[in-house]
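To be precise, the following lines are data19.pdb, and they hold PDB, C-alpha atoms.
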```pdb
ATOM      1  CA  MET A 158     -15.347  21.203  -5.480
ATOM      2  CA  SER A 159     -11.575  21.031  -5.906
ATOM      3  CA  THR A 160     -10.020  18.257  -7.989
ATOM      4  CA  ALA A 161      -6.777  18.422  -6.007
ATOM      5  CA  VAL A 162      -5.750  15.471  -3.839
ATOM      6  CA  ILE A 163      -5.294  15.521  -0.075
ATOM      7  CA  VAL A 164      -2.493  13.204   1.061
ATOM      8  CA  ILE A 165      -3.008  11.682   4.503
ATOM      9  CA  GLY A 166       0.484  11.248   5.892
ATOM     10  CA  ALA A 167       3.619  13.361   5.816
ATOM     11  CA  GLY A 168       6.544  10.956   6.235
ATOM     12  CA  GLY A 169       8.918   9.196   3.878
ATOM     13  CA  HIS A 170       6.217   7.017   2.336
ATOM     14  CA  ALA A 171       4.160  10.144   1.695
ATOM     15  CA  LYS A 172       7.081  11.748  -0.157
ATOM     16  CA  VAL A 173       7.153   8.882  -2.649
ATOM     17  CA  CYS A 174       3.381   8.891  -3.066
ATOM     18  CA  ILE A 175       3.269  12.657  -3.616
ATOM     19  CA  GLU A 176       5.738  12.303  -6.476
ATOM     20  CA  LEU A 177       3.745   9.401  -7.910
ATOM     21  CA  LEU A 178       0.587  11.509  -7.896
ATOM     22  CA  GLN A 179       2.384  14.464  -9.459
ATOM     23  CA  ALA A 180       3.848  12.203 -12.166
ATOM     24  CA  MET A 181       0.260  11.188 -12.977
ATOM     25  CA  GLY A 182      -0.625  14.856 -13.472
ATOM     26  CA  GLU A 183      -2.446  15.230 -10.160
ATOM     27  CA  ARG A 184      -2.169  18.332  -7.995
ATOM     28  CA  VAL A 185      -1.572  17.631  -4.311
ATOM     29  CA  ALA A 186      -3.086  20.439  -2.255
ATOM     30  CA  TYR A 187      -2.133  19.503   1.323
ATOM     31  CA  CYS A 188      -0.752  16.741   3.472
ATOM     32  CA  ILE A 189      -2.246  15.810   6.830
ATOM     33  CA  GLY A 190       0.489  15.179   9.391
ATOM     34  CA  GLY A 191       1.044  14.793  13.108
ATOM     35  CA  GLN A 192       1.103  17.636  15.575
ATOM     36  CA  ASP A 193       4.906  17.516  15.848
ATOM     37  CA  GLY A 194       5.633  16.965  12.149
ATOM     38  CA  ALA A 195       7.341  19.149   9.566
ATOM     39  CA  GLU A 196       5.634  22.124   7.948
ATOM     40  CA  SER A 197       6.005  20.708   4.453
ATOM     41  CA  CYS A 198       6.461  17.354   2.742
ATOM     42  CA  CYS A 199       8.131  17.260  -0.667
ATOM     43  CA  GLY A 200       7.118  20.879  -1.183
ATOM     44  CA  VAL A 201       3.476  20.346  -0.125
ATOM     45  CA  ALA A 202       2.144  22.225   2.897
ATOM     46  CA  VAL A 203       1.402  20.026   5.915
ATOM     47  CA  LEU A 204      -1.663  20.646   8.078
ATOM     48  CA  ARG A 205      -0.983  19.246  11.538
ATOM     49  CA  GLY A 206      -3.717  17.154  13.102
ATOM     50  CA  ASP A 207      -6.369  14.777  11.742
ATOM     51  CA  GLU A 208      -9.115  17.313  12.470
ATOM     52  CA  ASN A 209      -7.937  19.222   9.388
ATOM     53  CA  LEU A 210      -9.245  16.465   7.151
ATOM     54  CA  LEU A 211     -12.865  17.213   7.982
ATOM     55  CA  SER A 212     -12.232  20.943   7.516
ATOM     56  CA  LEU A 213     -10.844  20.298   4.044
ATOM     57  CA  ARG A 214     -13.827  18.124   3.163
ATOM     58  CA  THR A 215     -16.139  20.953   4.259
ATOM     59  CA  ALA A 216     -14.094  23.344   2.116
ATOM     60  CA  GLY A 217     -14.814  21.255  -0.998
ATOM     61  CA  TYR A 218     -11.935  18.808  -1.266
ATOM     62  CA  ASP A 219     -13.237  15.308  -1.962
ATOM     63  CA  ARG A 220     -10.253  13.250  -3.222
ATOM     64  CA  ALA A 221      -7.690  11.698  -0.901
ATOM     65  CA  PHE A 222      -4.787   9.283  -0.823
ATOM     66  CA  VAL A 223      -3.641   7.578   2.371
ATOM     67  CA  ALA A 224       0.174   7.563   2.327
ATOM     68  CA  ILE A 225       0.897   5.643   5.516
ATOM     69  CA  GLY A 226       3.284   2.698   5.502
ATOM     70  CA  ASP A 227       1.720   0.877   8.458
ATOM     71  CA  ASN A 228      -0.870  -1.463   6.939
ATOM     72  CA  ARG A 229      -3.501  -1.428   9.656
ATOM     73  CA  LEU A 230      -3.234   2.312  10.262
ATOM     74  CA  ARG A 231      -3.504   2.952   6.509
ATOM     75  CA  ARG A 232      -6.667   0.870   6.463
ATOM     76  CA  LYS A 233      -8.185   2.663   9.484
ATOM     77  CA  LEU A 234      -7.473   6.116   8.072
ATOM     78  CA  ALA A 235      -8.929   5.109   4.705
ATOM     79  CA  VAL A 236     -12.146   3.993   6.408
ATOM     80  CA  ASP A 237     -12.291   7.314   8.278
ATOM     81  CA  ALA A 238     -11.677   9.343   5.114
ATOM     82  CA  SER A 239     -14.301   7.409   3.156
ATOM     83  CA  ALA A 240     -16.827   7.980   5.934
ATOM     84  CA  MET A 241     -16.231  11.723   5.548
ATOM     85  CA  GLY A 242     -17.068  11.454   1.852
ATOM     86  CA  PHE A 243     -13.584  11.385   0.338
ATOM     87  CA  GLU A 244     -12.985   9.375  -2.832
ATOM     88  CA  LEU A 245      -9.816   7.293  -2.503
ATOM     89  CA  VAL A 246      -7.543   7.700  -5.519
ATOM     90  CA  ASN A 247      -4.615   5.595  -6.718
ATOM     91  CA  ALA A 248      -0.958   6.610  -6.927
ATOM     92  CA  ILE A 249       0.538   4.625  -9.811
ATOM     93  CA  SER A 250       3.890   5.424 -11.363
ATOM     94  CA  PRO A 251       3.942   5.988 -15.130
ATOM     95  CA  TRP A 252       7.077   3.790 -15.019
ATOM     96  CA  ALA A 253       5.225   0.772 -13.648
ATOM     97  CA  VAL A 254       4.011  -1.910 -16.071
ATOM     98  CA  LEU A 255       0.407  -3.002 -15.591
ATOM     99  CA  SER A 256      -1.284  -5.709 -17.621
ATOM    100  CA  PRO A 257      -4.552  -4.538 -19.197
ATOM    101  CA  SER A 258      -6.222  -7.578 -17.625
ATOM    102  CA  ALA A 259      -4.997  -6.805 -14.093
ATOM    103  CA  ARG A 260      -7.597  -5.501 -11.630
ATOM    104  CA  ILE A 261      -6.566  -2.647  -9.378
ATOM    105  CA  GLY A 262      -8.569  -1.503  -6.353
ATOM    106  CA  LEU A 263      -8.851   1.927  -4.723
ATOM    107  CA  GLY A 264      -6.224   3.747  -2.703
ATOM    108  CA  VAL A 265      -3.470   1.599  -4.202
ATOM    109  CA  ALA A 266       0.185   2.668  -4.514
ATOM    110  CA  ILE A 267       2.288   1.122  -7.288
ATOM    111  CA  MET A 268       5.844   2.423  -7.422
ATOM    112  CA  ALA A 269       8.268   2.858 -10.312
ATOM    113  CA  GLY A 270       9.590  -0.326 -11.881
ATOM    114  CA  ALA A 271       6.831  -2.543 -10.518
ATOM    115  CA  VAL A 272       5.322  -5.117 -12.884
ATOM    116  CA  ILE A 273       1.759  -6.425 -12.524
ATOM    117  CA  ASN A 274       1.097  -9.294 -14.923
ATOM    118  CA  ALA A 275      -1.986 -10.859 -16.507
ATOM    119  CA  GLU A 276      -5.172 -11.155 -14.451
ATOM    120  CA  ALA A 277      -3.467 -10.287 -11.179
ATOM    121  CA  VAL A 278      -5.694  -8.638  -8.563
ATOM    122  CA  ILE A 279      -4.387  -5.812  -6.387
ATOM    123  CA  ALA A 280      -6.999  -5.087  -3.711
ATOM    124  CA  ASP A 281      -7.809  -1.750  -2.090
ATOM    125  CA  LEU A 282      -5.041   0.061  -0.182
ATOM    126  CA  ALA A 283      -2.295  -2.356  -1.219
ATOM    127  CA  VAL A 284       1.258  -1.123  -1.805
ATOM    128  CA  ILE A 285       3.377  -2.621  -4.590
ATOM    129  CA  ASN A 286       6.745  -1.052  -3.957
ATOM    130  CA  THR A 287       9.666  -0.154  -6.201
ATOM    131  CA  GLY A 288      10.687  -2.872  -8.627
ATOM    132  CA  ALA A 289       8.391  -5.566  -7.212
ATOM    133  CA  THR A 290       6.994  -8.121  -9.666
ATOM    134  CA  ILE A 291       3.550  -9.667  -9.337
ATOM    135  CA  ASP A 292       3.060 -12.451 -11.858
ATOM    136  CA  HIS A 293      -0.092 -13.781 -13.504
ATOM    137  CA  ASP A 294      -3.189 -14.609 -11.437
ATOM    138  CA  CYS A 295      -1.742 -13.396  -8.131
ATOM    139  CA  HIS A 296      -4.092 -11.886  -5.550
ATOM    140  CA  ILE A 297      -2.749  -9.206  -3.216
ATOM    141  CA  GLY A 298      -5.142  -8.580  -0.334
ATOM    142  CA  VAL A 299      -6.529  -5.392   1.171
ATOM    143  CA  ALA A 300      -3.836  -3.160   2.731
ATOM    144  CA  ALA A 301      -1.034  -5.661   2.034
ATOM    145  CA  HIS A 302       2.448  -4.302   1.297
ATOM    146  CA  ILE A 303       4.865  -5.930  -1.148
ATOM    147  CA  ALA A 304       8.248  -4.306  -0.501
ATOM    148  CA  PRO A 305      10.869  -3.283  -3.085
ATOM    149  CA  GLN A 306      12.350  -5.982  -5.321
ATOM    150  CA  CYS A 307      10.016  -8.753  -4.157
ATOM    151  CA  ALA A 308       9.212 -11.375  -6.800
ATOM    152  CA  LEU A 309       5.931 -13.296  -6.666
ATOM    153  CA  ALA A 310       5.493 -16.117  -9.171
ATOM    154  CA  GLY A 311       2.123 -16.995 -10.668
ATOM    155  CA  ASN A 312      -0.985 -17.834  -8.638
ATOM    156  CA  VAL A 313       0.358 -16.507  -5.325
ATOM    157  CA  ALA A 314      -2.162 -15.157  -2.824
ATOM    158  CA  VAL A 315      -1.197 -12.661  -0.109
ATOM    159  CA  GLY A 316      -3.743 -11.979   2.633
ATOM    160  CA  GLU A 317      -4.954  -8.666   4.001
ATOM    161  CA  ASP A 318      -2.583  -6.514   6.090
ATOM    162  CA  SER A 319       0.406  -8.753   5.294
ATOM    163  CA  PHE A 320       3.918  -7.432   4.691
ATOM    164  CA  LEU A 321       6.570  -9.039   2.498
ATOM    165  CA  GLY A 322       9.964  -7.500   3.273
ATOM    166  CA  ILE A 323      12.449  -6.257   0.727
ATOM    167  CA  GLY A 324      13.664  -8.839  -1.745
ATOM    168  CA  CYS A 325      11.316 -11.718  -0.828
ATOM    169  CA  LYS A 326      10.768 -14.511  -3.331
ATOM    170  CA  VAL A 327       7.605 -16.669  -3.496
ATOM    171  CA  ILE A 328       7.247 -19.774  -5.673
ATOM    172  CA  PRO A 329       4.083 -20.424  -7.728
ATOM    173  CA  GLY A 330       0.792 -21.276  -6.081
ATOM    174  CA  VAL A 331       1.675 -20.365  -2.491
ATOM    175  CA  ASN A 332      -1.031 -18.978  -0.184
ATOM    176  CA  ILE A 333       0.169 -16.433   2.389
ATOM    177  CA  GLY A 334      -2.400 -15.656   5.076
ATOM    178  CA  ALA A 335      -3.607 -12.424   6.645
ATOM    179  CA  ARG A 336      -1.400 -10.289   8.913
ATOM    180  CA  VAL A 337       1.737 -12.224   7.920
ATOM    181  CA  THR A 338       5.192 -10.666   8.057
ATOM    182  CA  VAL A 339       7.982 -12.100   5.912
ATOM    183  CA  GLY A 340      11.459 -10.812   6.701
ATOM    184  CA  ALA A 341      13.766  -9.276   4.136
ATOM    185  CA  GLY A 342      15.131 -11.737   1.628
ATOM    186  CA  GLY A 343      12.836 -14.566   2.693
ATOM    187  CA  VAL A 344      12.201 -17.384   0.230
ATOM    188  CA  ILE A 345       8.708 -18.849   0.583
ATOM    189  CA  LEU A 346       8.241 -22.406  -0.654
ATOM    190  CA  SER A 347       4.999 -23.369   1.123
ATOM    191  CA  ASP A 348       1.782 -21.886   2.476
ATOM    192  CA  ILE A 349       1.851 -19.592   5.536
ATOM    193  CA  GLY A 350      -1.031 -19.379   7.998
ATOM    194  CA  ASN A 351      -2.548 -16.196   9.414
ATOM    195  CA  GLY A 352      -0.526 -14.091  11.826
ATOM    196  CA  LYS A 353       2.847 -15.756  11.234
ATOM    197  CA  THR A 354       6.228 -14.059  11.167
ATOM    198  CA  VAL A 355       8.516 -15.904   8.775
ATOM    199  CA  VAL A 356      12.217 -15.416   8.021
ATOM    200  CA  GLY A 357      15.017 -17.111   6.153
ATOM    201  CA  ILE A 358      15.793 -19.363   3.189
ATOM    202  CA  PRO A 359      13.603 -21.326   3.064
ATOM    203  CA  GLY A 360      11.147 -19.395   5.188
ATOM    204  CA  ARG A 361      10.549 -20.648   8.733
ATOM    205  CA  THR A 362       8.047 -19.399  11.302
ATOM    206  CA  ILE A 363       9.550 -17.637  14.320
ATOM    207  CA  LYS A 364       6.383 -16.128  15.800
ATOM    208  CA  THR A 365       2.600 -16.486  15.664
ATOM    209  CA  SER A 366       0.383 -13.556  16.598
ATOM    210  CA  GLN A 367      -2.971 -13.919  18.326
ATOM    211  CA  PRO A 368      -5.993 -13.910  15.982
ATOM    212  CA  GLU A 369      -7.848 -10.641  15.510
ATOM    213  CA  GLY A 370     -10.187  -9.820  18.389
ATOM    214  CA  LEU A 371      -8.308 -11.864  21.051
TER     215      LEU A 371
END
```
Full structure transcribed into structure tokens:
Amino acid sequence: MSTAVIVIGAGGHAKVCIELLQAMGERVAYCIGGQDGAESCCGVAVLRGDENLLSLRTAGYDRAFVAIGDNRLRRKLAVDASAMGFELVNAISPWAVLSPSARIGLGVAIMAGAVINAEAVIADLAVINTGATIDHDCHIGVAAHIAPQCALAGNVAVGEDSFLGIGCKVIPGVNIGARVTVGAGGVILSDIGNGKTVVGIPGRTIKTSQPEGL
């Protein structure tokens, strides 16, 4: 078995995650990219086509990181990789600050300058991007993405597959539902239901998506 990591994805998000993994001392063996993608990503060879993932598993690779920015696609590919027997690893910058009481799931990316404070929970496949701050007792759901320079005060909950755009601010105790999108610079002063798209200061709903399965 090889201890090297296979990165699923070969775009801009993958470039950042490759460097995070390398900063942790991990060796990234290959990236898995699309058929029309580049031959390398941040100096790592790209194998074109998802079928290569199973071949690598057969060859003895068993550690993977899903470096896809799209929340739902990241989640789907993680499920597929786990079903093949891959262990999902984390990509956490040495220049992030993590409380010893914080709980971090699997397949999580935490970029440089991020701060995760006391007893926060970061669920599987979440992304805490550059310079974002997650205060005490927050809960970030599965495959949610907190963009650069967001600031979440204490006791904020963010549901699965949600995306908070760059520079969002959330006051204490707010609950943000699943599959929510908050536009860049939004200021959230009250709870947001599932499937909402919210923009502005203060945040206002401009769109509601259909529930899952409809």
For this session: For segment 304-315 of chain A, please output as JSON, numbers by chain all residues within 8 Å (counting all atoms listed in the file; exclusion window: fewer than 2 positions along the same chain).
Result: {"A": [284, 285, 286, 287, 288, 289, 290, 291, 292, 293, 294, 295, 296, 297, 298, 301, 302, 317, 319, 320, 321, 322, 323, 324, 325, 326, 327, 328, 329, 330, 331, 332, 333, 334, 335]}
Problem set entry | Selection: 7 Å around Gly343 of chain A, all atoms listed in the file, excl. self and same-chain fewer than 4 positions, as a list of chain:residue names | A:Cys325, A:Lys326, A:Val339, A:Val356, A:Gly357, A:Ile358, A:Pro359, A:Gly360
Exercise. Ile225 of chain A: which residues within 7 Å, counting only C-alpha atoms, same-chain residues fewer than 6 positions away excluded, as an MDAnalysis selection string?
Worked result: chainID A and resid 166 170:171 231
Problem set entry | Shell around Ala202 of chain A at 12 Å using only C-alpha atoms, local window under 2 positions removed, as a PyMOL selection string | chain A and resi 163-167+172+175+185-190+194-200+204-205
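Closest to Glu244 of chain A among A:Cys174, A:Val162, A:Leu346, A:Val272 is A:Val162, based on all atoms listed in the file.
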Problem set entry | Result set of the PyMOL selection byres ((chain A and resi 255-258) around 8) on the coordinates above, as a list of chain:residue names | A:Ala253, A:Val254, A:Ala259, A:Arg260, A:Val272, A:Ile273, A:Asn274, A:Ala275, A:Glu276, A:Ala277
May I have the selected residues written with C-alpha atoms, as a short mmCIF file (atom, residue, chain, number, x, y, z; two decimals), keeping the file's coordinate frame?
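Everything below was put into again.cif:
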```
data_model
loop_
_atom_site.label_atom_id
_atom_site.label_comp_id
_atom_site.auth_asym_id
_atom_site.auth_seq_id
_atom_site.Cartn_x
_atom_site.Cartn_y
_atom_site.Cartn_z
CA ALA A 253 5.22 0.77 -13.65
CA VAL A 254 4.01 -1.91 -16.07
CA ALA A 259 -5.00 -6.80 -14.09
CA ARG A 260 -7.60 -5.50 -11.63
CA VAL A 272 5.32 -5.12 -12.88
CA ILE A 273 1.76 -6.42 -12.52
CA ASN A 274 1.10 -9.29 -14.92
CA ALA A 275 -1.99 -10.86 -16.51
CA GLU A 276 -5.17 -11.16 -14.45
CA ALA A 277 -3.47 -10.29 -11.18
#
```
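In this model, the gap between atom CA of Val299 of chain A and atom CA of Gln192 of chain A comes to 28.2 Å.
For the atom pair formed by atom CA of Gly342 of chain A and atom CA of Thr362 of chain A, the distance is 14.2 Å, given to one decimal.
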For this session: Select all residues near (-0.3, 6.9, -7.1) (cut-off 12 Å, inclusive, file coordinates), counting only C-alpha atoms, and output them as a ChimeraX atom specification.
Result: /A:162,164,170-185,221-224,245-253,261-269,282-286
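For the pair atom CA of Thr338 of chain A and atom CA of Asp237 of chain A, the interatomic distance is 25.1 Å.
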For this session: Starting from the displayed file, determine the output of the PyMOL selection byres ((chain A and resi 219) around 9) and express the residue list as a list of chain:residue names.
Result: A:Met158, A:Ser159, A:Thr160, A:Ala161, A:Val162, A:Ile163, A:Leu213, A:Arg214, A:Thr215, A:Gly217, A:Tyr218, A:Arg220, A:Ala221, A:Met241, A:Gly242, A:Phe243, A:Glu244, A:Leu245
Thr365 of chain A surroundings by only C-alpha atoms, 8 Å radius, close-in-sequence under 6 positions cut, as a short mmCIF file (atom, residue, chain, number, x, y, z; two decimals) with C-alpha atoms, keeping the file's coordinate frame:
```
data_model
loop_
_atom_site.label_atom_id
_atom_site.label_comp_id
_atom_site.auth_asym_id
_atom_site.auth_seq_id
_atom_site.Cartn_x
_atom_site.Cartn_y
_atom_site.Cartn_z
CA GLY A 352 -0.53 -14.09 11.83
CA LYS A 353 2.85 -15.76 11.23
CA THR A 354 6.23 -14.06 11.17
#
```
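If all atoms listed in the file are the atoms counted, then among A:Ala240, A:Val278, A:Asp227, A:Asp193 the closest residue to Leu210 of chain A is A:Ala240.
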Select segment 166-283 of chain A in the preceding structure and write C-alpha atoms to a file as a PDB file, in the first residue's frame.
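Below you can see result-v2.pdb, which holds the result:
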```pdb
ATOM      1  CA  GLY A 166      -9.982  17.319  -8.914  1.00  0.00           C
ATOM      2  CA  ALA A 167      -7.497  19.293 -10.970  1.00  0.00           C
ATOM      3  CA  GLY A 168      -8.746  22.893 -10.994  1.00  0.00           C
ATOM      4  CA  GLY A 169      -7.982  26.001  -8.985  1.00  0.00           C
ATOM      5  CA  HIS A 170      -9.416  24.608  -5.756  1.00  0.00           C
ATOM      6  CA  ALA A 171      -7.256  21.518  -6.215  1.00  0.00           C
ATOM      7  CA  LYS A 172      -4.135  23.684  -6.534  1.00  0.00           C
ATOM      8  CA  VAL A 173      -4.747  25.178  -3.095  1.00  0.00           C
ATOM      9  CA  CYS A 174      -5.523  21.800  -1.550  1.00  0.00           C
ATOM     10  CA  ILE A 175      -2.407  20.199  -3.043  1.00  0.00           C
ATOM     11  CA  GLU A 176      -0.262  22.864  -1.400  1.00  0.00           C
ATOM     12  CA  LEU A 177      -2.108  22.398   1.891  1.00  0.00           C
ATOM     13  CA  LEU A 178      -1.408  18.667   1.803  1.00  0.00           C
ATOM     14  CA  GLN A 179       2.239  19.229   0.915  1.00  0.00           C
ATOM     15  CA  ALA A 180       2.591  21.756   3.757  1.00  0.00           C
ATOM     16  CA  MET A 181       1.340  19.005   6.088  1.00  0.00           C
ATOM     17  CA  GLY A 182       4.137  16.739   4.853  1.00  0.00           C
ATOM     18  CA  GLU A 183       1.911  14.609   2.633  1.00  0.00           C
ATOM     19  CA  ARG A 184       2.992  13.366  -0.783  1.00  0.00           C
ATOM     20  CA  VAL A 185       0.402  13.832  -3.520  1.00  0.00           C
ATOM     21  CA  ALA A 186       0.839  11.099  -6.117  1.00  0.00           C
ATOM     22  CA  TYR A 187      -1.766  11.994  -8.763  1.00  0.00           C
ATOM     23  CA  CYS A 188      -4.752  14.172  -9.467  1.00  0.00           C
ATOM     24  CA  ILE A 189      -7.891  12.872 -11.149  1.00  0.00           C
ATOM     25  CA  GLY A 190      -9.163  15.356 -13.728  1.00  0.00           C
ATOM     26  CA  GLY A 191     -11.550  15.650 -16.641  1.00  0.00           C
ATOM     27  CA  GLN A 192     -10.904  14.287 -20.090  1.00  0.00           C
ATOM     28  CA  ASP A 193     -10.116  17.753 -21.474  1.00  0.00           C
ATOM     29  CA  GLY A 194      -8.089  19.004 -18.502  1.00  0.00           C
ATOM     30  CA  ALA A 195      -4.424  19.905 -18.154  1.00  0.00           C
ATOM     31  CA  GLU A 196      -1.690  17.291 -17.874  1.00  0.00           C
ATOM     32  CA  SER A 197      -0.529  18.557 -14.496  1.00  0.00           C
ATOM     33  CA  CYS A 198      -1.874  20.523 -11.545  1.00  0.00           C
ATOM     34  CA  CYS A 199       0.579  22.411  -9.345  1.00  0.00           C
ATOM     35  CA  GLY A 200       3.317  20.051 -10.496  1.00  0.00           C
ATOM     36  CA  VAL A 201       1.279  16.869  -9.875  1.00  0.00           C
ATOM     37  CA  ALA A 202       0.487  14.588 -12.810  1.00  0.00           C
ATOM     38  CA  VAL A 203      -3.187  14.526 -13.806  1.00  0.00           C
ATOM     39  CA  LEU A 204      -4.874  11.281 -14.845  1.00  0.00           C
ATOM     40  CA  ARG A 205      -7.829  12.133 -17.067  1.00  0.00           C
ATOM     41  CA  GLY A 206     -11.089  10.365 -16.326  1.00  0.00           C
ATOM     42  CA  ASP A 207     -12.768   9.079 -13.154  1.00  0.00           C
ATOM     43  CA  GLU A 208     -12.068   5.474 -14.163  1.00  0.00           C
ATOM     44  CA  ASN A 209      -8.452   6.058 -13.106  1.00  0.00           C
ATOM     45  CA  LEU A 210      -9.516   6.232  -9.479  1.00  0.00           C
ATOM     46  CA  LEU A 211     -10.454   2.563  -9.353  1.00  0.00           C
ATOM     47  CA  SER A 212      -7.211   1.644 -11.134  1.00  0.00           C
ATOM     48  CA  LEU A 213      -5.209   3.510  -8.506  1.00  0.00           C
ATOM     49  CA  ARG A 214      -7.118   1.793  -5.712  1.00  0.00           C
ATOM     50  CA  THR A 215      -6.303  -1.577  -7.303  1.00  0.00           C
ATOM     51  CA  ALA A 216      -2.658  -0.500  -7.519  1.00  0.00           C
ATOM     52  CA  GLY A 217      -2.529   0.018  -3.739  1.00  0.00           C
ATOM     53  CA  TYR A 218      -3.405   3.661  -3.183  1.00  0.00           C
ATOM     54  CA  ASP A 219      -5.956   3.995  -0.387  1.00  0.00           C
ATOM     55  CA  ARG A 220      -5.911   7.670   0.714  1.00  0.00           C
ATOM     56  CA  ALA A 221      -7.773  10.403  -1.139  1.00  0.00           C
ATOM     57  CA  PHE A 222      -8.828  14.021  -0.882  1.00  0.00           C
ATOM     58  CA  VAL A 223     -11.722  15.446  -2.886  1.00  0.00           C
ATOM     59  CA  ALA A 224     -10.660  18.911  -4.078  1.00  0.00           C
ATOM     60  CA  ILE A 225     -13.827  20.043  -5.829  1.00  0.00           C
ATOM     61  CA  GLY A 226     -15.364  23.421  -5.055  1.00  0.00           C
ATOM     62  CA  ASP A 227     -18.943  22.464  -5.934  1.00  0.00           C
ATOM     63  CA  ASN A 228     -20.482  21.235  -2.676  1.00  0.00           C
ATOM     64  CA  ARG A 229     -22.823  18.569  -3.988  1.00  0.00           C
ATOM     65  CA  LEU A 230     -20.323  17.207  -6.502  1.00  0.00           C
ATOM     66  CA  ARG A 231     -17.647  17.070  -3.786  1.00  0.00           C
ATOM     67  CA  ARG A 232     -20.041  15.069  -1.640  1.00  0.00           C
ATOM     68  CA  LYS A 233     -20.947  12.656  -4.468  1.00  0.00           C
ATOM     69  CA  LEU A 234     -17.318  12.016  -5.385  1.00  0.00           C
ATOM     70  CA  ALA A 235     -16.431  11.445  -1.729  1.00  0.00           C
ATOM     71  CA  VAL A 236     -19.178   8.824  -1.451  1.00  0.00           C
ATOM     72  CA  ASP A 237     -17.869   7.138  -4.612  1.00  0.00           C
ATOM     73  CA  ALA A 238     -14.269   7.170  -3.370  1.00  0.00           C
ATOM     74  CA  SER A 239     -15.248   5.786   0.033  1.00  0.00           C
ATOM     75  CA  ALA A 240     -17.196   2.987  -1.640  1.00  0.00           C
ATOM     76  CA  MET A 241     -14.003   2.021  -3.479  1.00  0.00           C
ATOM     77  CA  GLY A 242     -12.195   1.739  -0.150  1.00  0.00           C
ATOM     78  CA  PHE A 243     -10.374   5.072  -0.046  1.00  0.00           C
ATOM     79  CA  GLU A 244      -9.791   6.757   3.311  1.00  0.00           C
ATOM     80  CA  LEU A 245     -10.676  10.453   3.110  1.00  0.00           C
ATOM     81  CA  VAL A 246      -7.922  12.642   4.544  1.00  0.00           C
ATOM     82  CA  ASN A 247      -7.966  16.280   5.640  1.00  0.00           C
ATOM     83  CA  ALA A 248      -6.078  19.194   4.092  1.00  0.00           C
ATOM     84  CA  ILE A 249      -5.404  21.653   6.920  1.00  0.00           C
ATOM     85  CA  SER A 250      -2.948  24.512   6.643  1.00  0.00           C
ATOM     86  CA  PRO A 251      -0.231  24.698   9.307  1.00  0.00           C
ATOM     87  CA  TRP A 252      -1.080  28.433   9.351  1.00  0.00           C
ATOM     88  CA  ALA A 253      -4.673  27.866  10.441  1.00  0.00           C
ATOM     89  CA  VAL A 254      -5.542  28.112  14.145  1.00  0.00           C
ATOM     90  CA  LEU A 255      -7.636  25.252  15.502  1.00  0.00           C
ATOM     91  CA  SER A 256      -8.893  25.039  19.064  1.00  0.00           C
ATOM     92  CA  PRO A 257      -7.960  21.751  20.755  1.00  0.00           C
ATOM     93  CA  SER A 258     -11.641  21.338  21.639  1.00  0.00           C
ATOM     94  CA  ALA A 259     -12.867  21.780  18.051  1.00  0.00           C
ATOM     95  CA  ARG A 260     -14.097  18.644  16.269  1.00  0.00           C
ATOM     96  CA  ILE A 261     -13.046  18.177  12.668  1.00  0.00           C
ATOM     97  CA  GLY A 262     -14.574  15.593  10.332  1.00  0.00           C
ATOM     98  CA  LEU A 263     -13.076  13.761   7.348  1.00  0.00           C
ATOM     99  CA  GLY A 264     -12.220  15.189   3.954  1.00  0.00           C
ATOM    100  CA  VAL A 265     -12.161  18.717   5.366  1.00  0.00           C
ATOM    101  CA  ALA A 266     -10.171  21.617   3.872  1.00  0.00           C
ATOM    102  CA  ILE A 267      -9.069  24.434   6.187  1.00  0.00           C
ATOM    103  CA  MET A 268      -7.040  27.130   4.464  1.00  0.00           C
ATOM    104  CA  ALA A 269      -4.300  29.431   5.734  1.00  0.00           C
ATOM    105  CA  GLY A 270      -5.365  32.097   8.205  1.00  0.00           C
ATOM    106  CA  ALA A 271      -8.604  30.378   9.178  1.00  0.00           C
ATOM    107  CA  VAL A 272      -9.508  30.308  12.877  1.00  0.00           C
ATOM    108  CA  ILE A 273     -11.680  27.586  14.427  1.00  0.00           C
ATOM    109  CA  ASN A 274     -12.552  28.407  18.032  1.00  0.00           C
ATOM    110  CA  ALA A 275     -13.607  26.418  21.096  1.00  0.00           C
ATOM    111  CA  GLU A 276     -15.947  23.452  20.658  1.00  0.00           C
ATOM    112  CA  ALA A 277     -16.813  24.314  17.070  1.00  0.00           C
ATOM    113  CA  VAL A 278     -17.776  21.358  14.866  1.00  0.00           C
ATOM    114  CA  ILE A 279     -16.624  21.161  11.252  1.00  0.00           C
ATOM    115  CA  ALA A 280     -18.420  18.232   9.607  1.00  0.00           C
ATOM    116  CA  ASP A 281     -17.131  15.961   6.849  1.00  0.00           C
ATOM    117  CA  LEU A 282     -16.175  17.532   3.502  1.00  0.00           C
ATOM    118  CA  ALA A 283     -16.599  21.119   4.692  1.00  0.00           C
TER     119      ALA A 283
END
```
